[in-house]
Amino acid sequence: MMISRRDLLLTCLKMLAASGCGIILSDPFWQRILSGDDSGLAFGASYLDEIVRLAPVARYWKPLAGQGEGASREKTIVKCLLCPNGCAIANGKRGTCRTRMNVNGELRSLVYGRPVSIHIDPIEKKPLYHYLPSSSAFSLATAGCPLSCKFCQNWEISQASPEDHQGPFAHPSRIADAAKNSKSPVIAFTYNEPTVFSEYMVDIAGEARRKNIRSVMISCGFINEDPLAELCGVLDAIKIDLKGYSENFYRTVCGASLRPVLKSIKQIAKSRAHLEIVNLVVPTLNDSDKMLQDLINWILGEVGADIPVHFTRFHPDYQLRNLSPTPVATLERARDLALAKGMHYPYVGNVPGHPGNHTYCPGCGKVVIERQSFFVTAMNINNGQCKFCGQKIAGVWA
């Protein structure tokens, strides 16, 4: 059964409205769709032209060649300075992330104002366990990612180009208004790699702050120091995926490198932003005792025992469908290793109902936050302290 473009868009509109994104209803784009007038909408082959036409100049780049006297802008090669890939990009071409294009000697962001996925999630789903428990997070993503992880569960958007997902331009103020209308106290930049839309993220976070809405980023941490410093200045919390403590694993499984991620984690830990870390434990690839112990030792030595660390279960997806889900015993072993080394808040992730989902007081050992799946079922923290023994519990609770 074929569905028309208009019917598809109407279905999307109803879903957005049901999720509380009321601001979308007043968008002229949707008004034209509702009235049956879809003329002038840039779809198909011309959609990329429309994206490029409206794309703002990116913040982090420099010209490499072609800027001499008399040189044409069309011959200028630019170097992107956003992430450690450091892509050198010829006119009309893009970097590895597919989201930043050299347009006549200027690097432009093709994903600014172009969200492709919007949902409202519990903040525990990110996961952020020590940041405003039970809050709803207005979550959005664009296309693109500087990595190519073989296990990515959001590969349909992370490995896509901006023109693969078509929709209306969304100004940062509209995103902030939609979050406020949905009564979400937090905006989460998530699903793909948010650093590829860093300019958009910074502007949304600024609009959100004026409306007393906080902003969090769910990231791989593969970003250069200057853009990360700008993000740390506007974001309230950051969760980093530390995919494994191995350069070889990063290179062969993720298409990246480990060292820049470690540097980012240390930079965030020194900033005002709340930090949590996730390690997706993939059977046969990063689940050895040595790799887990090295990861735990690095975290304890460089950023401390109070950083929450989630050892999360892998489920077969994308290019690793041949592997089995992570045995729960492997995650339990990782958590036990972390506790034995002195880590205060290690978790078993992606295993609903497991006791390793709960937060335990590092002082008396009692449960201070009890969770069932993504929901908090008991809270035993008063003013940031364990209500049983008075021990301070690291995190942001109000």
# chains A, B, ... in the order shown; residues from 1 in each chain; ligands from 1
>>> residues_around(residues="region 287-289 of chain A", least_positions_apart="2", cutoff="9 Å", atoms="only C-alpha atoms", output="ChimeraX atom specification")
/A:244,281-285,291-294,326,330-331,333-334,337
>>> residues_around(residues="Ser136 (chain A)", least_positions_apart="4", cutoff="12 Å", atoms="only C-alpha atoms", output="VMD selection string")
chain A and resid 19 to 20 119 to 126 128 131 to 132 179 to 180 182 to 188 213 to 216 374 to 375
>>> select_by_dssp(residues="region 110-344 of chain A", states="strand (DSSP E)", output="PyMOL selection string")
chain A and resi 117-122+136-141+186-189+214-219+237-241+274-281+309-313
>>> residues_around(residues="His165 (chain A)", least_positions_apart="6", cutoff="10 Å", atoms="only C-alpha atoms", output="PDB file with N, CA and C atoms, in the first residue's frame")
ATOM      1  N   PHE A  43      11.617  19.062  -1.901  1.00  0.00           N
ATOM      2  CA  PHE A  43      11.794  17.633  -1.698  1.00  0.00           C
ATOM      3  C   PHE A  43      12.480  17.042  -2.925  1.00  0.00           C
ATOM      4  N   TYR A  47      15.991  19.097  -2.732  1.00  0.00           N
ATOM      5  CA  TYR A  47      16.014  19.306  -1.284  1.00  0.00           C
ATOM      6  C   TYR A  47      17.414  19.649  -0.796  1.00  0.00           C
ATOM      7  N   ARG A 114      17.877  21.369  11.243  1.00  0.00           N
ATOM      8  CA  ARG A 114      17.345  20.219  10.522  1.00  0.00           C
ATOM      9  C   ARG A 114      17.220  18.978  11.413  1.00  0.00           C
ATOM     10  N   PRO A 115      16.424  19.022  12.478  1.00  0.00           N
ATOM     11  CA  PRO A 115      16.232  17.800  13.280  1.00  0.00           C
ATOM     12  C   PRO A 115      15.505  16.736  12.467  1.00  0.00           C
ATOM     13  N   VAL A 116      15.917  15.494  12.649  1.00  0.00           N
ATOM     14  CA  VAL A 116      15.265  14.400  11.934  1.00  0.00           C
ATOM     15  C   VAL A 116      14.536  13.457  12.887  1.00  0.00           C
ATOM     16  N   SER A 117      14.758  13.636  14.189  1.00  0.00           N
ATOM     17  CA  SER A 117      14.071  12.792  15.172  1.00  0.00           C
ATOM     18  C   SER A 117      13.828  13.598  16.432  1.00  0.00           C
ATOM     19  N   THR A 142      19.931  15.166  14.637  1.00  0.00           N
ATOM     20  CA  THR A 142      20.001  15.404  13.198  1.00  0.00           C
ATOM     21  C   THR A 142      20.623  14.161  12.573  1.00  0.00           C
ATOM     22  N   ALA A 143      20.915  14.220  11.300  1.00  0.00           N
ATOM     23  CA  ALA A 143      21.685  13.167  10.652  1.00  0.00           C
ATOM     24  C   ALA A 143      23.170  13.389  10.921  1.00  0.00           C
ATOM     25  N   GLU A 156      20.489   4.405  11.197  1.00  0.00           N
ATOM     26  CA  GLU A 156      19.656   4.977  10.133  1.00  0.00           C
ATOM     27  C   GLU A 156      19.780   6.496  10.058  1.00  0.00           C
ATOM     28  N   ILE A 157      20.096   7.130  11.187  1.00  0.00           N
ATOM     29  CA  ILE A 157      20.289   8.581  11.145  1.00  0.00           C
ATOM     30  C   ILE A 157      21.761   8.954  11.324  1.00  0.00           C
TER      31      ILE A 157
END
>>> residues_around(residues="Leu54 (chain A)", least_positions_apart="4", cutoff="9 Å", atoms="only C-alpha atoms", output="list in words")
Asp49, Glu50, Leu110, Tyr112 and Phe169 of chain A
>>> residues_around(residues="Cys220 (chain A)", least_positions_apart="2", cutoff="8 Å", atoms="only C-alpha atoms", output="JSON, numbers by chain")
{"A": [193, 218, 222, 240, 241, 242, 261]}
>>> write_last_selection(atoms="C-alpha atoms", output="PDB file, in the first residue's frame")
ATOM      1  CA  GLU A 193      26.433  12.371  17.390  1.00  0.00           C
ATOM      2  CA  ILE A 218      24.799  12.353  24.759  1.00  0.00           C
ATOM      3  CA  PHE A 222      35.251  12.726  19.556  1.00  0.00           C
ATOM      4  CA  ILE A 240      30.224  10.218  27.051  1.00  0.00           C
ATOM      5  CA  ASP A 241      30.365   6.798  25.413  1.00  0.00           C
ATOM      6  CA  LEU A 242      33.807   5.414  26.192  1.00  0.00           C
ATOM      7  CA  VAL A 261      37.922  10.734  23.681  1.00  0.00           C
TER       8      VAL A 261
END
>>> closest_atom_pairs(of="region 65-142 of chain A", to="region 347-368 of chain A", cutoff="10 Å", atoms="only C-alpha atoms", output="tab-separated table")
residue	atom	partner	partner_atom	distance
A:Lys125	CA	A:Asn350	CA	9.3
A:Pro127	CA	A:Gly349	CA	8.5
A:Tyr129	CA	A:Thr359	CA	8.2
A:His130	CA	A:Thr359	CA	8.8
>>> residues_around(residues="Ala160 (chain A)", least_positions_apart="2", cutoff="12 Å", atoms="only C-alpha atoms", output="PyMOL selection string")
chain A and resi 96-99+111+116+141-148+154-158+162-166+192-193
>>> decode(residues="region 112-152 of chain A", atoms="N, CA and C atoms", output="short mmCIF file (atom, residue, chain, number, x, y, z; two decimals), in the first residue's frame")
data_model
loop_
_atom_site.label_atom_id
_atom_site.label_comp_id
_atom_site.auth_asym_id
_atom_site.auth_seq_id
_atom_site.Cartn_x
_atom_site.Cartn_y
_atom_site.Cartn_z
N TYR A 112 22.14 22.45 10.54
CA TYR A 112 21.61 23.52 11.40
C TYR A 112 20.13 23.70 11.09
N GLY A 113 19.30 23.54 12.14
CA GLY A 113 17.86 23.70 11.96
C GLY A 113 17.19 22.52 11.31
N ARG A 114 17.88 21.37 11.24
CA ARG A 114 17.34 20.22 10.52
C ARG A 114 17.22 18.98 11.41
N PRO A 115 16.42 19.02 12.48
CA PRO A 115 16.23 17.80 13.28
C PRO A 115 15.51 16.74 12.47
N VAL A 116 15.92 15.49 12.65
CA VAL A 116 15.27 14.40 11.93
C VAL A 116 14.54 13.46 12.89
N SER A 117 14.76 13.64 14.19
CA SER A 117 14.07 12.79 15.17
C SER A 117 13.83 13.60 16.43
N ILE A 118 12.59 13.59 16.90
CA ILE A 118 12.22 14.28 18.14
C ILE A 118 11.35 13.35 18.97
N HIS A 119 11.76 13.13 20.22
CA HIS A 119 11.00 12.30 21.14
C HIS A 119 11.09 12.90 22.54
N ILE A 120 10.20 12.46 23.41
CA ILE A 120 10.30 12.82 24.82
C ILE A 120 10.59 11.53 25.59
N ASP A 121 11.74 11.50 26.24
CA ASP A 121 12.22 10.32 26.94
C ASP A 121 12.42 10.62 28.42
N PRO A 122 12.36 9.60 29.27
CA PRO A 122 12.86 9.78 30.64
C PRO A 122 14.38 9.97 30.58
N ILE A 123 14.89 10.83 31.43
CA ILE A 123 16.32 11.11 31.38
C ILE A 123 17.16 9.87 31.71
N GLU A 124 16.55 8.94 32.42
CA GLU A 124 17.25 7.69 32.74
C GLU A 124 17.57 6.88 31.48
N LYS A 125 16.87 7.13 30.39
CA LYS A 125 17.10 6.38 29.16
C LYS A 125 18.40 6.80 28.48
N LYS A 126 18.97 7.94 28.83
CA LYS A 126 20.13 8.47 28.11
C LYS A 126 21.40 7.64 28.23
N PRO A 127 21.85 6.98 29.25
CA PRO A 127 21.32 7.13 30.60
C PRO A 127 22.06 8.21 31.37
N LEU A 128 21.30 9.02 32.11
CA LEU A 128 21.84 9.92 33.12
C LEU A 128 21.15 9.56 34.42
N TYR A 129 21.87 8.94 35.33
CA TYR A 129 21.29 8.44 36.58
C TYR A 129 21.47 9.42 37.74
N HIS A 130 22.42 10.32 37.62
CA HIS A 130 22.72 11.24 38.72
C HIS A 130 22.39 12.68 38.34
N TYR A 131 21.51 12.86 37.39
CA TYR A 131 21.14 14.20 36.96
C TYR A 131 19.63 14.30 36.85
N LEU A 132 19.04 15.02 37.81
CA LEU A 132 17.58 15.28 37.83
C LEU A 132 16.76 14.02 37.57
N PRO A 133 16.84 13.03 38.46
CA PRO A 133 16.11 11.78 38.26
C PRO A 133 14.62 12.02 38.01
N SER A 134 14.05 11.19 37.16
CA SER A 134 12.63 11.20 36.80
C SER A 134 12.23 12.36 35.89
N SER A 135 13.19 13.18 35.47
CA SER A 135 12.85 14.28 34.56
C SER A 135 12.55 13.73 33.17
N SER A 136 11.68 14.45 32.45
CA SER A 136 11.49 14.14 31.03
C SER A 136 12.47 14.98 30.23
N ALA A 137 13.00 14.37 29.18
CA ALA A 137 13.99 15.03 28.33
C ALA A 137 13.44 15.14 26.92
N PHE A 138 13.28 16.38 26.45
CA PHE A 138 12.88 16.64 25.08
C PHE A 138 14.09 16.36 24.20
N SER A 139 14.04 15.26 23.45
CA SER A 139 15.24 14.72 22.82
C SER A 139 15.20 14.91 21.31
N LEU A 140 16.32 15.35 20.74
CA LEU A 140 16.35 15.54 19.30
C LEU A 140 17.68 15.17 18.71
N ALA A 141 17.65 14.88 17.41
CA ALA A 141 18.85 14.49 16.68
C ALA A 141 18.77 15.04 15.27
N THR A 142 19.93 15.17 14.64
CA THR A 142 20.00 15.40 13.20
C THR A 142 20.62 14.16 12.57
N ALA A 143 20.91 14.22 11.30
CA ALA A 143 21.69 13.17 10.65
C ALA A 143 23.17 13.39 10.92
N GLY A 144 23.97 12.32 10.75
CA GLY A 144 25.41 12.47 10.72
C GLY A 144 26.15 12.05 11.97
N CYS A 145 27.42 11.64 11.75
CA CYS A 145 28.31 11.25 12.85
C CYS A 145 29.73 11.17 12.30
N PRO A 146 30.73 11.57 13.09
CA PRO A 146 32.12 11.45 12.61
C PRO A 146 32.68 10.04 12.75
N LEU A 147 31.96 9.16 13.45
CA LEU A 147 32.38 7.78 13.63
C LEU A 147 31.56 6.86 12.73
N SER A 148 31.97 5.60 12.67
CA SER A 148 31.23 4.60 11.90
C SER A 148 31.18 3.30 12.68
N CYS A 149 30.62 3.37 13.89
CA CYS A 149 30.60 2.21 14.79
C CYS A 149 29.78 1.07 14.18
N LYS A 150 30.34 -0.11 14.17
CA LYS A 150 29.68 -1.25 13.56
C LYS A 150 28.49 -1.74 14.37
N PHE A 151 28.38 -1.29 15.63
CA PHE A 151 27.29 -1.74 16.49
C PHE A 151 26.21 -0.67 16.68
N CYS A 152 26.27 0.42 15.93
CA CYS A 152 25.37 1.55 16.17
C CYS A 152 23.91 1.13 16.05
#
